[in-house]
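Let me begin by presenting the structure, written as C-alpha cells, before commenting on it.
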Amino acid sequence: MKSAAPTALRGRIVTFRADPFATDPSSALLIEEDGLILMENGQINAVGSYDRLRHRLSPDTTLVSYGKALISAGFIDTHVHYPQLPVIASWGEQLPQWLERYVFPAEAAFADPQLARDVARRFLRELMRAGTTTACAYCTVHPQSVDAFFTESERLGTRMIAGKVLMDRNAPAELRDTAASGHAESSALIARWHGRGRQLYAVTPRFAITSTPEQLEAAGDLLRTHDGVYLQTHLAENMEEIATVRRLFPERSSYLDVYDHAGLLGPRSVFGHAIHMTETDFCRCHETDSALAHCPTSNLFLGSGLFRVFDALDRRRPVRVGLGTDIGAGTSLSHLRTMGEAYKVAQLTGRSLHPAQALWLATAGAARSLSLDTQIGTIAPGMEADLCVLDPCATPLLRYRTERCASIEELLFVLMTLGDERCVKATWVAGRLIHENAGDTSSER
Ligand SMILES: [Zn+2]
C-alpha cells in the first residue's frame with residue numbers, strides 16, 4: 001500500500017533534533033518555517049527548507065502545500081484498547097468495578113468476528129482522524145479480534161503493534177483462556193502477523209490479577225522464543241488493584257517483580273500507567289530498558305492517580321516513556337488532548353511540561369519507547385513517511401489565539417491546550433494520504 005509516486009509536502013515542519021528531556025527543550029526542536037518533505041516508496045527522502053530543496057522537485061512530483069499548517073511526525077499511541085471504543089465515556093466507576101461493569105461485557109461481544117471487523121475499522125478510522133499513525137493496541141482474548149485489527153491496519157498500510165489478551169483467571173468464563181491455549185493461540189498469531197508488512201505482535205497478558213503464574217511464565221516463554229515480539233501489560237495503576245496483586249503474589253517484592261520473575265521485562269516491554277512506583281521499580285525498569293506508557297486522560301477519568309513523568313525520566317536512571325490514550329478509560333483518541341492533560345497532571349505534581357516535551361512524548365519519545373525510533377517518530381531522510389498536518393486555525397478561537405503566538409513553542413502549547421481532532425488537516429501513512437479534513441466534510445480512504 002505504499003505510494004510509489006514521488007510526493008512532496010510544503011509547510012511549517014516541526015520535529016526533533018534531540019531529546020527535550022535531556023537538553024534545553026527549545027533547542028531540541030527542529031523547525032523549518034517554510035519546509036519541504038520529499039517522499040517516495042513510503043519513505044522520506046529529504047527534508048529541509050523549501051528554497052534549498054525546490055530544485056529536487058521533478059515534473060512528476062505531486063506537491064501539496066499546507067501554508068501555515070504544521071507538519072509533524074504522525075502521533076504514536078503507546079497504550080490503547082481498540083475493543084473498548086464502544087464503552088468510552090462510561091460513568092461512575094474506578095478500575096476494578098469499571099472492568100467488570102463495562103469492559104468485560106464489551107470485550108465478550110468480540111466472539112462475533114463481524115463485530116470485531118466493524119469496531120477495528122471504526123477504531124482505525126478514528127486514529128487517522130486524530131493524526132495517530134501507530135498504536136500499541138490490546139485486542140480481546142479472541143484470536144479473531146487480532147485478525148480483524150491487523151487486516152484493517154494492513155489495508156491502510158499503518159505500522160501497528162497488537163496482541164491477543166491473555167486471561168486465565170478472575171475474569172468471566174467466556175473471556176478466559178488457559179496458560180496452554182493462550183500460548184498456542186499467541187504462537188499462531190505471531191506466525192501469521194509478526195513482521196508481516198508493517199505489523200508487529202505484542203504478547204498481551206491483561207495484568208497480573210487475570211493471569212496465573214503459569215500463564216505469566218507462558219508469556220515469558222513466548223517472548224524468549226520469538227525474535228522482536230513485544231510485551232504489553234498494565235502496572236501499578238490503582239491502589240485496590242495493587243492490594244489484590246500483593247494478595248495473589250505474596251512471595252513477590254512488588255507488582256513489577258511479579259512480571260520480572262516471569263521474564264517479562266526488557267527493551268520491547270511496555271507497561272501501562274505505572275503510577276504508584278517505588279524508586280526500586282524505576283531503577284529496575286531502567287536496568288532492563290523496559291518502557292512505560294503515560295495515560296493521563298485515563299488516569300484522571302478513573303481517578304487512578306498522577307503519573308510522575310519527570311521522576312520516570314530522571315537523568316540518573318531514565319526510563320523510556322511514551323503517551324497513551326488508554327481508550328476506553330481514556331477520554332479522547334486525540335494526542336493533542338492527551339498532551340494537554342499530561343501538562344495538567346504534571347502541574348498537579350508541581351512541574352511544568354514544556355510543549356516540546358509533550359510533543360516528544362507523543363512522537364519521537366513514543367517511538368523510542370517502542371524501540372521504533374529508527375523507523376518512525378521524526379521527520380528525517382530514511383524514516384517511514386507517517387505524518388500529520390495540524391491546522392492552527394481549525395476553530396475560530398484557535399485562529400484568534402494562535403494569531404497572537406510569537407513562536408512555534410507557544411503555538412504548540414495553544415494547540416495542545418485547545419486542539420483536538422478538528423486540528424488534524426491531513427494524515428499521511430507511508431507517503432499516502434489516508435485522511436483529509438476539509439472543514440465540515442472529512443474524507444477517509
Ligand atoms: Zn489499558
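Starting from 1 in every chain, residues are counted up; chains themselves are A, B, ... following the order of the C-alpha cells, and ligands are numbered from 1 as listed.
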
- prompt: Given a cut-off of 12 Å, what residues near ligand 1 show up using only C-alpha atoms and all ligand atoms, put as a ChimeraX atom specification?
  reply: /A:77-84,95,98-99,103,136-140,165,204-207,232-238,270-274,292-299,302,304,324-330

field: Distance query Asp391 of chain A at most 12 Å, only C-alpha atoms, self and fewer than 4 positions along chain excluded, as a PyMOL selection string
entry: chain A and resi 11-12+66-72+131+336+395-396+398-399+402+411-412+414-416+418-427+436-439

Option closest in space to Leu390 of chain A, from A:Arg246, A:His335, A:His276, A:Arg101 [counting only C-alpha atoms]: A:His335

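When only C-alpha atoms are used to compute distances to Thr378 of chain A, the closest of the residues A:Arg198, A:Val258, A:Asp24, A:Leu359 turns out to be A:Leu359.
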
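Atom CA of Leu265 of chain A is found 27.7 Å from atom CA of Pro172 of chain A.
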
Need to verify the contact set: Gly220 of chain A, 12 Å, only C-alpha atoms, exclusion of same-chain residues closer than 3 positions in sequence. Can you return it as a CSV table (one decimal) with N, CA and C atoms, in the first residue's frame?
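Ended up saving to around_18.csv:
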```
chain,number,residue,atom,x,y,z
A,179,ALA,N,-3.4,-21.2,30.3
A,179,ALA,CA,-2.0,-20.9,30.0
A,179,ALA,C,-1.6,-21.6,28.7
A,183,HIS,N,-1.1,-19.6,25.1
A,183,HIS,CA,0.3,-19.7,24.5
A,183,HIS,C,0.2,-20.2,23.0
A,186,SER,N,-1.4,-17.5,20.8
A,186,SER,CA,-0.5,-16.4,20.6
A,186,SER,C,0.6,-16.8,19.6
A,202,ALA,N,2.4,-8.1,19.9
A,202,ALA,CA,2.7,-7.9,21.3
A,202,ALA,C,2.0,-9.0,22.1
A,203,VAL,N,2.8,-9.8,22.9
A,203,VAL,CA,2.3,-10.7,23.9
A,203,VAL,C,1.6,-9.9,25.0
A,204,THR,N,0.3,-10.2,25.3
A,204,THR,CA,-0.5,-9.3,26.0
A,204,THR,C,-1.3,-9.8,27.2
A,205,PRO,N,-0.6,-10.2,28.3
A,205,PRO,CA,-1.3,-10.6,29.5
A,205,PRO,C,-2.0,-9.3,30.0
A,213,PRO,N,0.3,-17.6,37.7
A,213,PRO,CA,1.8,-17.6,37.5
A,213,PRO,C,2.1,-18.5,36.3
A,214,GLU,N,1.4,-19.5,36.0
A,214,GLU,CA,1.7,-20.4,34.8
A,214,GLU,C,1.5,-19.6,33.5
A,215,GLN,N,0.4,-18.8,33.5
A,215,GLN,CA,0.2,-18.0,32.2
A,215,GLN,C,1.3,-17.0,32.1
A,216,LEU,N,1.7,-16.3,33.2
A,216,LEU,CA,2.8,-15.3,33.0
A,216,LEU,C,4.1,-16.0,32.6
A,217,GLU,N,4.3,-17.2,33.1
A,217,GLU,CA,5.5,-18.0,32.6
A,217,GLU,C,5.4,-18.3,31.1
A,223,LEU,N,8.0,-14.6,24.7
A,223,LEU,CA,9.0,-13.5,24.5
A,223,LEU,C,10.3,-14.1,24.1
A,224,ARG,N,10.7,-15.1,24.9
A,224,ARG,CA,12.1,-15.7,24.7
A,224,ARG,C,12.2,-16.4,23.4
A,225,THR,N,11.1,-17.0,22.9
A,225,THR,CA,11.3,-17.9,21.7
A,225,THR,C,10.9,-17.2,20.4
A,226,HIS,N,10.5,-15.9,20.4
A,226,HIS,CA,10.1,-15.2,19.2
A,226,HIS,C,10.9,-13.9,19.1
A,229,VAL,N,9.3,-9.8,19.2
A,229,VAL,CA,7.9,-9.5,19.7
A,229,VAL,C,7.9,-8.6,20.9
A,230,TYR,N,6.8,-8.0,21.1
A,230,TYR,CA,6.6,-7.0,22.2
A,230,TYR,C,5.9,-7.7,23.4
A,231,LEU,N,5.9,-7.0,24.5
A,231,LEU,CA,5.1,-7.4,25.7
A,231,LEU,C,4.4,-6.2,26.1
A,232,GLN,N,3.1,-6.2,26.3
A,232,GLN,CA,2.3,-5.1,26.8
A,232,GLN,C,1.4,-5.6,28.0
A,258,VAL,N,6.5,-9.2,40.1
A,258,VAL,CA,5.7,-10.3,39.5
A,258,VAL,C,6.1,-10.5,38.1
A,259,TYR,N,6.1,-9.5,37.3
A,259,TYR,CA,6.4,-9.5,35.9
A,259,TYR,C,7.9,-9.9,35.7
A,260,ASP,N,8.7,-9.3,36.5
A,260,ASP,CA,10.2,-9.5,36.4
A,260,ASP,C,10.5,-11.0,36.6
A,261,HIS,N,9.8,-11.6,37.6
A,261,HIS,CA,10.0,-13.0,37.9
A,261,HIS,C,9.6,-13.9,36.7
A,262,ALA,N,8.6,-13.5,35.9
A,262,ALA,CA,8.2,-14.3,34.8
A,262,ALA,C,9.0,-14.0,33.5
A,263,GLY,N,10.0,-13.1,33.6
A,263,GLY,CA,10.8,-12.8,32.5
A,263,GLY,C,10.2,-11.9,31.5
A,264,LEU,N,9.3,-11.0,32.0
A,264,LEU,CA,8.6,-10.1,31.1
A,264,LEU,C,9.2,-8.7,31.0
A,265,LEU,N,10.3,-8.4,31.6
A,265,LEU,CA,10.9,-7.1,31.4
A,265,LEU,C,11.9,-7.1,30.3
A,266,GLY,N,12.0,-6.0,29.6
A,266,GLY,CA,13.0,-5.9,28.5
A,266,GLY,C,12.8,-4.8,27.6
A,269,SER,N,9.3,-4.3,26.2
A,269,SER,CA,8.2,-4.4,27.1
A,269,SER,C,7.6,-3.0,27.4
```

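Using only C-alpha atoms, the smallest distance between any of A:Ala5, A:Ala342, A:Leu63, A:Glu410 and Glu40 of chain A comes from A:Ala5.
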
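The smallest atom-to-atom distance between Thr331 of chain A and any of A:Ala171, A:Ile88, A:Ala356, A:Ala111, using only C-alpha atoms, is found for A:Ile88.
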
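Nearest-residue note for Thr210 of chain A: choosing from A:Phe104, A:Met128, A:Pro143, A:Gly303, the minimum distance belongs to A:Phe104, counting only C-alpha atoms.
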
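Interatomic distance, atom CA of Phe110 of chain A against atom CA of Ile190 of chain A: 19.6 Å.
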
- request: Tell me which protein, DNA and RNA residues are within 8 Å of Arg176 of chain A, counting only C-alpha atoms, leaving out same-chain ones fewer than 4 positions away, and put them as a list of chain:residue names.
  value: A:Val141, A:Leu166, A:Met167, A:Asp168, A:Arg169, A:Ala171, A:Pro172

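Between atom CA of Ser254 of chain A and atom CA of Gln94 of chain A the interatomic distance comes to 21.8 Å.
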